[in-house]
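Trainee: The structure's right below; bear with me while I get my questions together.
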Number of protein chains: 2
Amino acid sequence: MKYSQATNYALHTMLHIVSLPSGTTLGLQQLAEIQALSPTYLSKILTKLVKAGLIESTPGVHGGYKLVKPKEEVSFLDVIQAIEGTASLFHCGAGLQHDSCVIQHVMKDAEARLESYLQERKLVEFAHQSEDWLKRLEQQPV
Amino acid sequence: MKYSQATNYALHTMLHIVSLPSGTTLGLQQLAEIQALSPTYLSKILTKLVKAGLIESTPGVHGGYKLVKPKEEVSFLDVIQAIEGTASLFHCGAGLQHDSCVIQHVMKDAEARLESYLQERKLVEFAHQSEDWLKRLEQQPV
DNA sequence: AAATTACAGACTCACTTTATCTATAATAGA
DNA sequence: TCTATTATAGATAAAGTGAGTCTGTAATTT
């Protein structure tokens, strides 16, 4: 069991977007360049974040991505679930049981602990980490 | 991200083994039958549990599987890690960072919470759930 | 109208999961 | 020691998932 690479990219990308001055946008090209990724691939990941309601995109000349909600509200869990989905980690296959399975109940509780913690932690806690990148971008503007 | 089906089988199988009277063994055929699985496939799963030091196997006429440690010591985490391995859920690919990545740090903490909970919960809590199956097996002995 | 930007779909490649089948090794009991 | 019984290892295969590329399309600003 592992989180996908896409989740890794999504978290790093969101860290950069959260670090933007309010209202500012950041372009796909720049985000892809920072992480050494193909833009079209990163686009697929970001589209999931758009559909999850975390960011919004505007095409066109000075388009890009920007936050929808206040940056303080963006949790790790929000980003992770946007990419990985919300299906439960464990599902007891045994036909009859399914609901009555005690094992499943424990696993569900464990997952709840995990999610609760990831909901508490917000990306904005580490926004300063991304400032270097953003300053470098300002110095060589488009 | 999901736990594998094999983990599901392993947990259910261990629940049965934990429910055995001390010293008693349970055969591969019976365990496979209960869960409607091919014996050879289940064997591969159980071999992992053997190598992890949770159970031991004896071939031969009245062979089967039995616990190594006291039943009270077998946690959910023990079984899960025997099947899934102990690699971390999340690994920041970004070359330089790897250790300094703040995202990875949060993810590691989250995982620690998950594992801590699964370590606390023991399979023996639900041993009684398996009694029905075991009694039925006694009534039609080999 | 044109340049710029994000989006969608089809496709590929490699790896993992979930098995199945066959053959082999080890043990207990006659 | 022979034999039945049981677990194990190896080869194989089908299906699914993850990761990524390429090409083309839609939308917006100037």
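Within each chain, counting starts at residue 1; across the structure tokens, chains are named A, B, ... in the order shown, with ligands numbered 1 upward in that order.
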Both chains have the same sequence, so match all Cα atoms in order, fit chain B onto chain A by least squares, and return it as a compact mmCIF listing (two decimals) with N, CA and C atoms, in the first residue's frame.
Mentor:
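Result written to result36.txt:
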# COMPACT_ATOMS: atom_id res chain seq x y z
N MET B 1 0.86 -1.15 -0.02
CA MET B 1 0.00 0.03 -0.02
C MET B 1 0.84 1.31 -0.04
N LYS B 2 0.62 2.12 -1.03
CA LYS B 2 1.40 3.36 -1.13
C LYS B 2 0.56 4.46 -1.75
N TYR B 3 0.87 5.67 -1.38
CA TYR B 3 0.28 6.80 -2.08
C TYR B 3 0.93 6.94 -3.45
N SER B 4 0.14 7.37 -4.41
CA SER B 4 0.66 7.46 -5.77
C SER B 4 1.60 8.65 -5.92
N GLN B 5 2.39 8.57 -6.94
CA GLN B 5 3.30 9.65 -7.28
C GLN B 5 2.51 10.93 -7.57
N ALA B 6 1.35 10.76 -8.16
CA ALA B 6 0.51 11.91 -8.50
C ALA B 6 0.15 12.69 -7.23
N THR B 7 -0.08 11.99 -6.15
CA THR B 7 -0.38 12.66 -4.89
C THR B 7 0.81 13.49 -4.43
N ASN B 8 1.96 12.96 -4.62
CA ASN B 8 3.18 13.70 -4.30
C ASN B 8 3.25 15.01 -5.09
N TYR B 9 3.06 14.91 -6.40
CA TYR B 9 3.08 16.11 -7.24
C TYR B 9 2.00 17.10 -6.82
N ALA B 10 0.82 16.57 -6.54
CA ALA B 10 -0.30 17.44 -6.18
C ALA B 10 0.00 18.21 -4.90
N LEU B 11 0.57 17.55 -3.92
CA LEU B 11 0.88 18.22 -2.66
C LEU B 11 1.92 19.31 -2.87
N HIS B 12 2.95 19.00 -3.60
CA HIS B 12 3.99 20.01 -3.85
C HIS B 12 3.43 21.19 -4.64
N THR B 13 2.62 20.88 -5.63
CA THR B 13 2.03 21.96 -6.43
C THR B 13 1.14 22.84 -5.56
N MET B 14 0.34 22.24 -4.74
CA MET B 14 -0.56 23.01 -3.89
C MET B 14 0.24 23.84 -2.89
N LEU B 15 1.34 23.32 -2.46
CA LEU B 15 2.19 24.10 -1.55
C LEU B 15 2.63 25.40 -2.22
N HIS B 16 2.95 25.32 -3.49
CA HIS B 16 3.35 26.54 -4.21
C HIS B 16 2.17 27.48 -4.39
N ILE B 17 1.04 26.93 -4.74
CA ILE B 17 -0.13 27.78 -4.99
C ILE B 17 -0.57 28.48 -3.70
N VAL B 18 -0.49 27.75 -2.61
CA VAL B 18 -0.87 28.33 -1.32
C VAL B 18 0.08 29.46 -0.93
N SER B 19 1.30 29.38 -1.40
CA SER B 19 2.30 30.38 -1.03
C SER B 19 2.18 31.66 -1.83
N LEU B 20 1.32 31.67 -2.84
CA LEU B 20 1.16 32.85 -3.68
C LEU B 20 0.50 33.99 -2.89
N PRO B 21 0.84 35.24 -3.22
CA PRO B 21 0.07 36.38 -2.72
C PRO B 21 -1.38 36.23 -3.17
N SER B 22 -2.31 36.61 -2.32
CA SER B 22 -3.73 36.39 -2.61
C SER B 22 -4.13 36.97 -3.96
N GLY B 23 -4.86 36.17 -4.72
CA GLY B 23 -5.35 36.64 -6.00
C GLY B 23 -4.41 36.34 -7.16
N THR B 24 -3.15 36.17 -6.85
CA THR B 24 -2.17 35.88 -7.89
C THR B 24 -2.39 34.48 -8.47
N THR B 25 -1.98 34.31 -9.71
CA THR B 25 -2.07 32.98 -10.34
C THR B 25 -0.67 32.49 -10.66
N LEU B 26 -0.60 31.18 -10.89
CA LEU B 26 0.66 30.54 -11.25
C LEU B 26 0.37 29.63 -12.44
N GLY B 27 1.23 29.70 -13.45
CA GLY B 27 0.96 28.99 -14.70
C GLY B 27 1.41 27.54 -14.67
N LEU B 28 0.79 26.77 -15.54
CA LEU B 28 1.12 25.35 -15.65
C LEU B 28 2.59 25.15 -16.02
N GLN B 29 3.07 25.93 -16.96
CA GLN B 29 4.47 25.80 -17.40
C GLN B 29 5.43 25.95 -16.23
N GLN B 30 5.19 26.97 -15.45
CA GLN B 30 6.11 27.23 -14.34
C GLN B 30 6.05 26.12 -13.30
N LEU B 31 4.83 25.70 -13.00
CA LEU B 31 4.67 24.62 -12.02
C LEU B 31 5.33 23.34 -12.51
N ALA B 32 5.20 23.09 -13.80
CA ALA B 32 5.80 21.89 -14.36
C ALA B 32 7.32 21.97 -14.33
N GLU B 33 7.81 23.18 -14.62
CA GLU B 33 9.25 23.36 -14.67
C GLU B 33 9.89 23.15 -13.30
N ILE B 34 9.26 23.72 -12.29
CA ILE B 34 9.78 23.60 -10.93
C ILE B 34 9.97 22.14 -10.53
N GLN B 35 9.01 21.32 -10.93
CA GLN B 35 9.06 19.92 -10.50
C GLN B 35 9.61 18.99 -11.58
N ALA B 36 10.09 19.59 -12.68
CA ALA B 36 10.66 18.80 -13.77
C ALA B 36 9.66 17.77 -14.28
N LEU B 37 8.48 18.26 -14.63
CA LEU B 37 7.42 17.37 -15.11
C LEU B 37 6.94 17.83 -16.47
N SER B 38 6.37 16.91 -17.21
CA SER B 38 5.71 17.30 -18.45
C SER B 38 4.44 18.06 -18.11
N PRO B 39 4.24 19.21 -18.77
CA PRO B 39 3.07 20.06 -18.47
C PRO B 39 1.76 19.31 -18.66
N THR B 40 1.64 18.54 -19.72
CA THR B 40 0.34 17.88 -19.94
C THR B 40 0.03 16.87 -18.85
N TYR B 41 1.06 16.24 -18.35
CA TYR B 41 0.81 15.28 -17.28
C TYR B 41 0.39 16.00 -16.00
N LEU B 42 1.12 17.06 -15.68
CA LEU B 42 0.75 17.81 -14.49
C LEU B 42 -0.66 18.38 -14.64
N SER B 43 -1.02 18.73 -15.86
CA SER B 43 -2.35 19.27 -16.11
C SER B 43 -3.44 18.29 -15.69
N LYS B 44 -3.22 17.03 -16.00
CA LYS B 44 -4.22 16.02 -15.62
C LYS B 44 -4.40 15.97 -14.12
N ILE B 45 -3.31 16.11 -13.40
CA ILE B 45 -3.37 16.09 -11.95
C ILE B 45 -4.10 17.32 -11.43
N LEU B 46 -3.74 18.47 -12.00
CA LEU B 46 -4.35 19.71 -11.53
C LEU B 46 -5.83 19.77 -11.87
N THR B 47 -6.22 19.15 -12.95
CA THR B 47 -7.63 19.13 -13.30
C THR B 47 -8.44 18.43 -12.21
N LYS B 48 -7.85 17.41 -11.61
CA LYS B 48 -8.54 16.75 -10.50
C LYS B 48 -8.72 17.70 -9.32
N LEU B 49 -7.72 18.52 -9.09
CA LEU B 49 -7.82 19.48 -7.99
C LEU B 49 -8.87 20.54 -8.30
N VAL B 50 -8.98 20.88 -9.58
CA VAL B 50 -10.02 21.83 -9.99
C VAL B 50 -11.39 21.24 -9.74
N LYS B 51 -11.57 20.00 -10.19
CA LYS B 51 -12.88 19.37 -10.05
C LYS B 51 -13.24 19.11 -8.59
N ALA B 52 -12.23 19.02 -7.76
CA ALA B 52 -12.48 18.84 -6.33
C ALA B 52 -12.79 20.17 -5.66
N GLY B 53 -12.70 21.26 -6.41
CA GLY B 53 -13.06 22.56 -5.86
C GLY B 53 -11.97 23.21 -5.04
N LEU B 54 -10.73 22.76 -5.20
CA LEU B 54 -9.64 23.35 -4.42
C LEU B 54 -9.06 24.57 -5.12
N ILE B 55 -8.89 24.48 -6.42
CA ILE B 55 -8.32 25.59 -7.18
C ILE B 55 -9.21 25.85 -8.39
N GLU B 56 -8.95 26.99 -9.04
CA GLU B 56 -9.65 27.22 -10.30
C GLU B 56 -8.64 27.69 -11.34
N SER B 57 -8.98 27.44 -12.58
CA SER B 57 -8.03 27.73 -13.65
C SER B 57 -8.64 28.74 -14.61
N THR B 58 -7.80 29.60 -15.15
CA THR B 58 -8.23 30.50 -16.20
C THR B 58 -7.24 30.38 -17.36
N PRO B 59 -7.75 30.06 -18.52
CA PRO B 59 -6.87 30.00 -19.69
C PRO B 59 -6.56 31.41 -20.16
N GLY B 60 -5.82 31.48 -21.27
CA GLY B 60 -5.53 32.79 -21.83
C GLY B 60 -4.20 33.36 -21.37
N VAL B 61 -3.95 34.55 -21.85
CA VAL B 61 -2.58 35.12 -21.80
C VAL B 61 -1.97 35.15 -20.41
N HIS B 62 -2.65 35.71 -19.47
CA HIS B 62 -2.06 35.69 -18.12
C HIS B 62 -2.84 34.75 -17.20
N GLY B 63 -3.18 33.61 -17.76
CA GLY B 63 -3.97 32.64 -17.00
C GLY B 63 -3.13 31.87 -16.00
N GLY B 64 -3.68 30.79 -15.53
CA GLY B 64 -2.97 29.97 -14.55
C GLY B 64 -3.95 29.45 -13.52
N TYR B 65 -3.38 29.06 -12.39
CA TYR B 65 -4.20 28.48 -11.32
C TYR B 65 -4.17 29.37 -10.10
N LYS B 66 -5.29 29.42 -9.41
CA LYS B 66 -5.30 30.11 -8.12
C LYS B 66 -6.27 29.42 -7.16
N LEU B 67 -6.10 29.74 -5.91
CA LEU B 67 -6.93 29.13 -4.88
C LEU B 67 -8.37 29.58 -4.97
N VAL B 68 -9.28 28.73 -4.53
CA VAL B 68 -10.68 29.10 -4.42
C VAL B 68 -10.98 29.53 -2.99
N LYS B 69 -10.59 28.71 -2.04
CA LYS B 69 -10.86 28.99 -0.64
C LYS B 69 -9.70 29.75 0.00
N PRO B 70 -9.90 30.31 1.18
CA PRO B 70 -8.78 30.90 1.91
C PRO B 70 -7.70 29.86 2.15
N LYS B 71 -6.45 30.28 2.06
CA LYS B 71 -5.34 29.33 2.10
C LYS B 71 -5.27 28.54 3.42
N GLU B 72 -5.82 29.16 4.47
CA GLU B 72 -5.77 28.49 5.77
C GLU B 72 -6.64 27.24 5.82
N GLU B 73 -7.55 27.11 4.86
CA GLU B 73 -8.50 26.00 4.91
C GLU B 73 -8.07 24.78 4.11
N VAL B 74 -6.96 24.87 3.42
CA VAL B 74 -6.55 23.76 2.57
C VAL B 74 -5.73 22.75 3.38
N SER B 75 -6.31 21.60 3.62
CA SER B 75 -5.63 20.58 4.42
C SER B 75 -4.92 19.57 3.52
N PHE B 76 -4.02 18.83 4.12
CA PHE B 76 -3.39 17.71 3.41
C PHE B 76 -4.44 16.73 2.90
N LEU B 77 -5.41 16.45 3.75
CA LEU B 77 -6.43 15.48 3.36
C LEU B 77 -7.20 15.92 2.13
N ASP B 78 -7.50 17.20 2.04
CA ASP B 78 -8.22 17.71 0.88
C ASP B 78 -7.50 17.34 -0.42
N VAL B 79 -6.22 17.59 -0.43
CA VAL B 79 -5.43 17.34 -1.64
C VAL B 79 -5.34 15.84 -1.91
N ILE B 80 -5.07 15.08 -0.86
CA ILE B 80 -4.89 13.64 -1.03
C ILE B 80 -6.16 12.99 -1.57
N GLN B 81 -7.30 13.37 -0.98
CA GLN B 81 -8.55 12.76 -1.42
C GLN B 81 -8.94 13.19 -2.82
N ALA B 82 -8.53 14.38 -3.21
CA ALA B 82 -8.82 14.82 -4.57
C ALA B 82 -8.15 13.92 -5.59
N ILE B 83 -6.99 13.40 -5.23
CA ILE B 83 -6.24 12.55 -6.16
C ILE B 83 -6.57 11.07 -5.95
N GLU B 84 -6.54 10.63 -4.73
CA GLU B 84 -6.68 9.20 -4.44
C GLU B 84 -8.13 8.74 -4.38
N GLY B 85 -9.04 9.67 -4.26
CA GLY B 85 -10.43 9.30 -4.07
C GLY B 85 -10.73 9.09 -2.59
N THR B 86 -12.00 8.77 -2.31
CA THR B 86 -12.40 8.68 -0.91
C THR B 86 -12.80 7.25 -0.51
N ALA B 87 -12.54 6.30 -1.38
CA ALA B 87 -12.85 4.90 -1.04
C ALA B 87 -12.04 4.47 0.16
N SER B 88 -12.59 3.55 0.96
CA SER B 88 -11.89 3.16 2.16
C SER B 88 -10.71 2.24 1.86
N LEU B 89 -9.74 2.30 2.74
CA LEU B 89 -8.49 1.56 2.58
C LEU B 89 -8.69 0.07 2.55
N PHE B 90 -9.70 -0.36 3.27
CA PHE B 90 -9.87 -1.79 3.49
C PHE B 90 -11.33 -2.15 3.28
N HIS B 91 -11.55 -3.25 2.60
CA HIS B 91 -12.91 -3.70 2.37
C HIS B 91 -12.96 -5.21 2.47
N CYS B 92 -13.72 -5.68 3.45
CA CYS B 92 -13.79 -7.13 3.66
C CYS B 92 -14.58 -7.77 2.54
N GLY B 93 -13.90 -8.62 1.77
CA GLY B 93 -14.54 -9.23 0.62
C GLY B 93 -15.60 -10.25 0.98
N ALA B 94 -15.46 -10.91 2.11
CA ALA B 94 -16.35 -12.02 2.47
C ALA B 94 -17.82 -11.61 2.37
N GLY B 95 -18.47 -12.15 1.39
CA GLY B 95 -19.83 -11.78 0.99
C GLY B 95 -20.77 -11.42 2.12
N LEU B 96 -21.11 -12.38 2.95
CA LEU B 96 -22.11 -12.17 4.00
C LEU B 96 -21.70 -11.02 4.93
N GLN B 97 -20.51 -11.14 5.43
CA GLN B 97 -20.04 -10.22 6.46
C GLN B 97 -20.13 -8.76 6.00
N HIS B 98 -19.13 -8.28 5.36
CA HIS B 98 -19.18 -6.99 4.70
C HIS B 98 -19.48 -5.82 5.65
N ASP B 99 -20.49 -5.99 6.46
CA ASP B 99 -20.81 -4.94 7.42
C ASP B 99 -20.50 -5.41 8.83
N SER B 100 -20.80 -6.67 9.08
CA SER B 100 -20.63 -7.21 10.42
C SER B 100 -19.19 -7.60 10.70
N CYS B 101 -18.32 -7.51 9.71
CA CYS B 101 -16.94 -7.97 9.88
C CYS B 101 -16.22 -7.10 10.91
N VAL B 102 -15.79 -7.74 11.99
CA VAL B 102 -15.13 -6.99 13.05
C VAL B 102 -13.79 -6.43 12.61
N ILE B 103 -13.13 -7.15 11.73
CA ILE B 103 -11.84 -6.68 11.23
C ILE B 103 -12.03 -5.37 10.48
N GLN B 104 -13.03 -5.36 9.64
CA GLN B 104 -13.30 -4.14 8.88
C GLN B 104 -13.58 -2.97 9.81
N HIS B 105 -14.21 -3.24 10.90
CA HIS B 105 -14.53 -2.18 11.84
C HIS B 105 -13.27 -1.54 12.42
N VAL B 106 -12.33 -2.38 12.78
CA VAL B 106 -11.06 -1.87 13.31
C VAL B 106 -10.32 -1.06 12.25
N MET B 107 -10.30 -1.60 11.04
CA MET B 107 -9.59 -0.91 9.97
C MET B 107 -10.22 0.45 9.68
N LYS B 108 -11.52 0.49 9.78
CA LYS B 108 -12.20 1.75 9.53
C LYS B 108 -11.83 2.79 10.59
N ASP B 109 -11.75 2.33 11.84
CA ASP B 109 -11.35 3.23 12.91
C ASP B 109 -9.93 3.75 12.68
N ALA B 110 -9.06 2.84 12.28
CA ALA B 110 -7.67 3.23 12.04
C ALA B 110 -7.60 4.29 10.94
N GLU B 111 -8.35 4.05 9.89
CA GLU B 111 -8.36 5.00 8.79
C GLU B 111 -8.89 6.36 9.24
N ALA B 112 -9.87 6.32 10.11
CA ALA B 112 -10.44 7.57 10.61
C ALA B 112 -9.39 8.38 11.35
N ARG B 113 -8.53 7.70 12.10
CA ARG B 113 -7.45 8.40 12.80
C ARG B 113 -6.51 9.07 11.81
N LEU B 114 -6.16 8.31 10.80
CA LEU B 114 -5.25 8.83 9.78
C LEU B 114 -5.85 10.09 9.15
N GLU B 115 -7.11 9.99 8.74
CA GLU B 115 -7.73 11.11 8.03
C GLU B 115 -7.92 12.31 8.95
N SER B 116 -8.24 12.03 10.18
CA SER B 116 -8.42 13.12 11.12
C SER B 116 -7.13 13.94 11.27
N TYR B 117 -6.03 13.25 11.34
CA TYR B 117 -4.75 13.96 11.47
C TYR B 117 -4.43 14.76 10.22
N LEU B 118 -4.65 14.14 9.07
CA LEU B 118 -4.34 14.81 7.81
C LEU B 118 -5.29 15.98 7.53
N GLN B 119 -6.43 15.95 8.18
CA GLN B 119 -7.36 17.07 8.05
C GLN B 119 -6.91 18.25 8.91
N GLU B 120 -6.29 17.94 10.03
CA GLU B 120 -5.82 19.00 10.93
C GLU B 120 -4.65 19.77 10.33
N ARG B 121 -3.79 19.03 9.67
CA ARG B 121 -2.58 19.68 9.14
C ARG B 121 -2.91 20.43 7.85
N LYS B 122 -2.49 21.70 7.81
CA LYS B 122 -2.77 22.55 6.65
C LYS B 122 -1.49 22.85 5.87
N LEU B 123 -1.65 22.99 4.58
CA LEU B 123 -0.48 23.26 3.74
C LEU B 123 0.15 24.61 4.05
N VAL B 124 -0.67 25.56 4.50
CA VAL B 124 -0.16 26.90 4.72
C VAL B 124 0.91 26.93 5.82
N GLU B 125 0.94 25.91 6.64
CA GLU B 125 1.98 25.84 7.68
C GLU B 125 3.38 25.94 7.07
N PHE B 126 3.50 25.47 5.84
CA PHE B 126 4.83 25.40 5.22
C PHE B 126 4.97 26.32 4.03
N ALA B 127 4.09 27.31 3.95
CA ALA B 127 4.10 28.19 2.79
C ALA B 127 5.46 28.86 2.61
N HIS B 128 6.10 29.19 3.70
CA HIS B 128 7.38 29.89 3.59
C HIS B 128 8.44 29.07 2.86
N GLN B 129 8.28 27.75 2.93
CA GLN B 129 9.23 26.86 2.26
C GLN B 129 9.26 27.11 0.75
N SER B 130 8.17 27.60 0.23
CA SER B 130 8.06 27.75 -1.21
C SER B 130 8.51 29.13 -1.69
N GLU B 131 8.79 30.02 -0.75
CA GLU B 131 9.08 31.40 -1.12
C GLU B 131 10.28 31.53 -2.04
N ASP B 132 11.29 30.74 -1.82
CA ASP B 132 12.48 30.81 -2.66
C ASP B 132 12.13 30.67 -4.13
N TRP B 133 11.34 29.65 -4.42
CA TRP B 133 10.95 29.41 -5.81
C TRP B 133 10.18 30.60 -6.37
N LEU B 134 9.28 31.12 -5.58
CA LEU B 134 8.44 32.18 -6.10
C LEU B 134 9.23 33.45 -6.34
N LYS B 135 10.15 33.78 -5.45
CA LYS B 135 10.99 34.97 -5.64
C LYS B 135 11.82 34.82 -6.91
N ARG B 136 12.34 33.62 -7.11
CA ARG B 136 13.14 33.40 -8.30
C ARG B 136 12.30 33.62 -9.57
N LEU B 137 11.06 33.24 -9.50
CA LEU B 137 10.18 33.44 -10.65
C LEU B 137 9.91 34.91 -10.90
N GLU B 138 9.80 35.69 -9.82
CA GLU B 138 9.54 37.12 -9.97
C GLU B 138 10.70 37.82 -10.65
N GLN B 139 11.92 37.37 -10.35
CA GLN B 139 13.10 38.04 -10.89
C GLN B 139 13.25 37.85 -12.39
N GLN B 140 12.72 36.74 -12.90
CA GLN B 140 12.74 36.55 -14.36
C GLN B 140 11.30 36.42 -14.87
N PRO B 141 10.61 37.57 -14.88
CA PRO B 141 9.17 37.50 -15.17
C PRO B 141 8.93 37.14 -16.62
N VAL B 142 7.71 36.71 -16.86
CA VAL B 142 7.32 36.33 -18.21
C VAL B 142 7.26 37.57 -19.08
Trainee: What residues in chain C lie within 10 Å of chain A, counting only C-alpha atoms (C1' of nucleotides), written as a PyMOL selection string?
Mentor: chain C and resi 3-8
Trainee: Can you write just those residues out, C-alpha atoms (C1' of nucleotides), as a CSV table (one decimal), in the first residue's frame?
Mentor:
chain,number,residue,atom,x,y,z
C,3,DA,C1',-1.3,34.2,-29.3
C,4,DT,C1',-1.5,32.0,-25.1
C,5,DT,C1',-3.0,28.9,-22.0
C,6,DA,C1',-5.6,24.9,-19.9
C,7,DC,C1',-8.2,20.5,-21.1
C,8,DA,C1',-9.5,15.9,-23.0
Trainee: Per residue of chain D within 12 Å of chain A, which atom pair is closest and at what distance in Å (one decimal), using only C-alpha atoms (C1' of nucleotides), listed by chain and increasing number, as a Markdown table?
Mentor:
| residue | atom | partner | partner_atom | distance |
| --- | --- | --- | --- | --- |
| D:DT17 | C1' | A:Ser4 | CA | 10.4 |
| D:DG18 | C1' | A:Ser4 | CA | 7.5 |
| D:DA19 | C1' | A:Gln5 | CA | 8.1 |
| D:DG20 | C1' | A:Tyr41 | CA | 6.8 |
| D:DT21 | C1' | A:Tyr41 | CA | 8.3 |
| D:DC22 | C1' | A:Thr40 | CA | 9.5 |
| D:DT23 | C1' | A:Thr40 | CA | 11.1 |
| D:DA26 | C1' | A:Pro59 | CA | 9.5 |
| D:DA27 | C1' | A:Pro59 | CA | 6.2 |
| D:DT28 | C1' | A:Gly60 | CA | 4.2 |
| D:DT29 | C1' | A:Val61 | CA | 5.5 |
| D:DT30 | C1' | A:Val61 | CA | 8.0 |
Trainee: Just write the chosen residues, N, CA and C atoms (P, O5', C5', C4', C3', O3' and C1' of nucleotides), as an mmCIF file, in the first residue's frame.
Mentor:
data_model
loop_
_atom_site.group_PDB
_atom_site.id
_atom_site.type_symbol
_atom_site.label_atom_id
_atom_site.label_comp_id
_atom_site.auth_asym_id
_atom_site.auth_seq_id
_atom_site.Cartn_x
_atom_site.Cartn_y
_atom_site.Cartn_z
ATOM 1 P P DT D 17 -8.196 -1.352 -11.176
ATOM 2 O "O5'" DT D 17 -6.767 -0.685 -10.960
ATOM 3 C "C5'" DT D 17 -5.827 -1.331 -10.084
ATOM 4 C "C4'" DT D 17 -4.498 -0.601 -10.146
ATOM 5 C "C3'" DT D 17 -4.622 0.924 -10.285
ATOM 6 O "O3'" DT D 17 -3.799 1.500 -9.287
ATOM 7 C "C1'" DT D 17 -3.165 0.054 -11.939
ATOM 8 P P DG D 18 -3.639 3.092 -9.188
ATOM 9 O "O5'" DG D 18 -2.205 3.332 -9.836
ATOM 10 C "C5'" DG D 18 -1.143 2.414 -9.515
ATOM 11 C "C4'" DG D 18 0.171 2.976 -9.978
ATOM 12 C "C3'" DG D 18 0.292 4.484 -9.944
ATOM 13 O "O3'" DG D 18 1.641 4.816 -9.645
ATOM 14 C "C1'" DG D 18 0.331 3.724 -12.211
ATOM 15 P P DA D 19 2.088 6.326 -9.626
ATOM 16 O "O5'" DA D 19 2.621 6.550 -11.105
ATOM 17 C "C5'" DA D 19 3.754 5.792 -11.519
ATOM 18 C "C4'" DA D 19 4.207 6.263 -12.873
ATOM 19 C "C3'" DA D 19 4.234 7.782 -13.048
ATOM 20 O "O3'" DA D 19 5.424 8.146 -13.708
ATOM 21 C "C1'" DA D 19 2.959 6.801 -14.753
ATOM 22 P P DG D 20 5.928 9.656 -13.611
ATOM 23 O "O5'" DG D 20 5.795 10.069 -15.135
ATOM 24 C "C5'" DG D 20 6.408 9.187 -16.091
ATOM 25 C "C4'" DG D 20 5.670 9.276 -17.388
ATOM 26 C "C3'" DG D 20 5.472 10.673 -17.945
ATOM 27 O "O3'" DG D 20 6.547 10.967 -18.833
ATOM 28 C "C1'" DG D 20 3.718 9.152 -18.493
ATOM 29 P P DT D 21 6.555 12.342 -19.664
ATOM 30 O "O5'" DT D 21 5.978 11.846 -21.073
ATOM 31 C "C5'" DT D 21 6.482 10.657 -21.663
ATOM 32 C "C4'" DT D 21 5.870 10.475 -23.044
ATOM 33 C "C3'" DT D 21 5.841 11.746 -23.893
ATOM 34 O "O3'" DT D 21 6.305 11.435 -25.199
ATOM 35 C "C1'" DT D 21 3.655 10.829 -23.729
ATOM 36 P P DC D 22 6.633 12.671 -26.198
ATOM 37 O "O5'" DC D 22 5.370 12.659 -27.160
ATOM 38 C "C5'" DC D 22 4.776 11.401 -27.498
ATOM 39 C "C4'" DC D 22 3.535 11.625 -28.358
ATOM 40 C "C3'" DC D 22 3.510 12.958 -29.119
ATOM 41 O "O3'" DC D 22 3.145 12.720 -30.458
ATOM 42 C "C1'" DC D 22 1.539 12.723 -27.810
ATOM 43 P P DT D 23 3.246 13.953 -31.526
ATOM 44 O "O5'" DT D 23 1.710 14.195 -31.844
ATOM 45 C "C5'" DT D 23 0.803 13.097 -31.794
ATOM 46 C "C4'" DT D 23 -0.619 13.604 -31.818
ATOM 47 C "C3'" DT D 23 -0.819 14.938 -32.538
ATOM 48 O "O3'" DT D 23 -1.872 14.836 -33.471
ATOM 49 C "C1'" DT D 23 -1.831 14.991 -30.406
ATOM 50 P P DA D 26 -13.345 21.704 -29.949
ATOM 51 O "O5'" DA D 26 -13.267 22.603 -28.633
ATOM 52 C "C5'" DA D 26 -13.502 21.997 -27.380
ATOM 53 C "C4'" DA D 26 -13.128 22.968 -26.268
ATOM 54 C "C3'" DA D 26 -13.806 24.331 -26.375
ATOM 55 O "O3'" DA D 26 -14.206 24.721 -25.075
ATOM 56 C "C1'" DA D 26 -11.470 24.607 -26.262
ATOM 57 P P DA D 27 -15.404 25.785 -24.900
ATOM 58 O "O5'" DA D 27 -14.661 26.982 -24.146
ATOM 59 C "C5'" DA D 27 -14.036 26.717 -22.900
ATOM 60 C "C4'" DA D 27 -12.966 27.748 -22.655
ATOM 61 C "C3'" DA D 27 -13.445 29.195 -22.740
ATOM 62 O "O3'" DA D 27 -13.053 29.845 -21.558
ATOM 63 C "C1'" DA D 27 -11.439 28.901 -23.941
ATOM 64 P P DT D 28 -13.995 30.975 -20.874
ATOM 65 O "O5'" DT D 28 -13.039 32.235 -20.826
ATOM 66 C "C5'" DT D 28 -11.764 32.087 -20.181
ATOM 67 C "C4'" DT D 28 -10.723 32.928 -20.866
ATOM 68 C "C3'" DT D 28 -11.073 34.401 -21.048
ATOM 69 O "O3'" DT D 28 -10.427 35.120 -20.002
ATOM 70 C "C1'" DT D 28 -9.749 33.500 -22.809
ATOM 71 P P DT D 29 -10.715 36.717 -19.758
ATOM 72 O "O5'" DT D 29 -9.447 37.361 -20.479
ATOM 73 C "C5'" DT D 29 -8.141 36.980 -20.040
ATOM 74 C "C4'" DT D 29 -7.092 37.560 -20.977
ATOM 75 C "C3'" DT D 29 -7.181 39.076 -21.181
ATOM 76 O "O3'" DT D 29 -5.879 39.625 -21.002
ATOM 77 C "C1'" DT D 29 -7.124 37.960 -23.280
ATOM 78 P P DT D 30 -5.700 41.236 -20.846
ATOM 79 O "O5'" DT D 30 -5.090 41.630 -22.267
ATOM 80 C "C5'" DT D 30 -3.940 40.918 -22.734
ATOM 81 C "C4'" DT D 30 -3.675 41.256 -24.195
ATOM 82 C "C3'" DT D 30 -3.821 42.737 -24.553
ATOM 83 O "O3'" DT D 30 -2.669 43.153 -25.260
ATOM 84 C "C1'" DT D 30 -5.033 41.411 -26.079
#
Trainee: Assign secondary structure with DSSP using the backbone only, and return the residues of chain A in strand (DSSP E or B) as a list in words.
Mentor: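 So, restricting chain A to strand (DSSP E or B), we get Leu26, Ile55, Glu56, Ser57, Thr58, Gly64, Tyr65, Lys66, Leu67, Ser75 and Lys122 of chain A.
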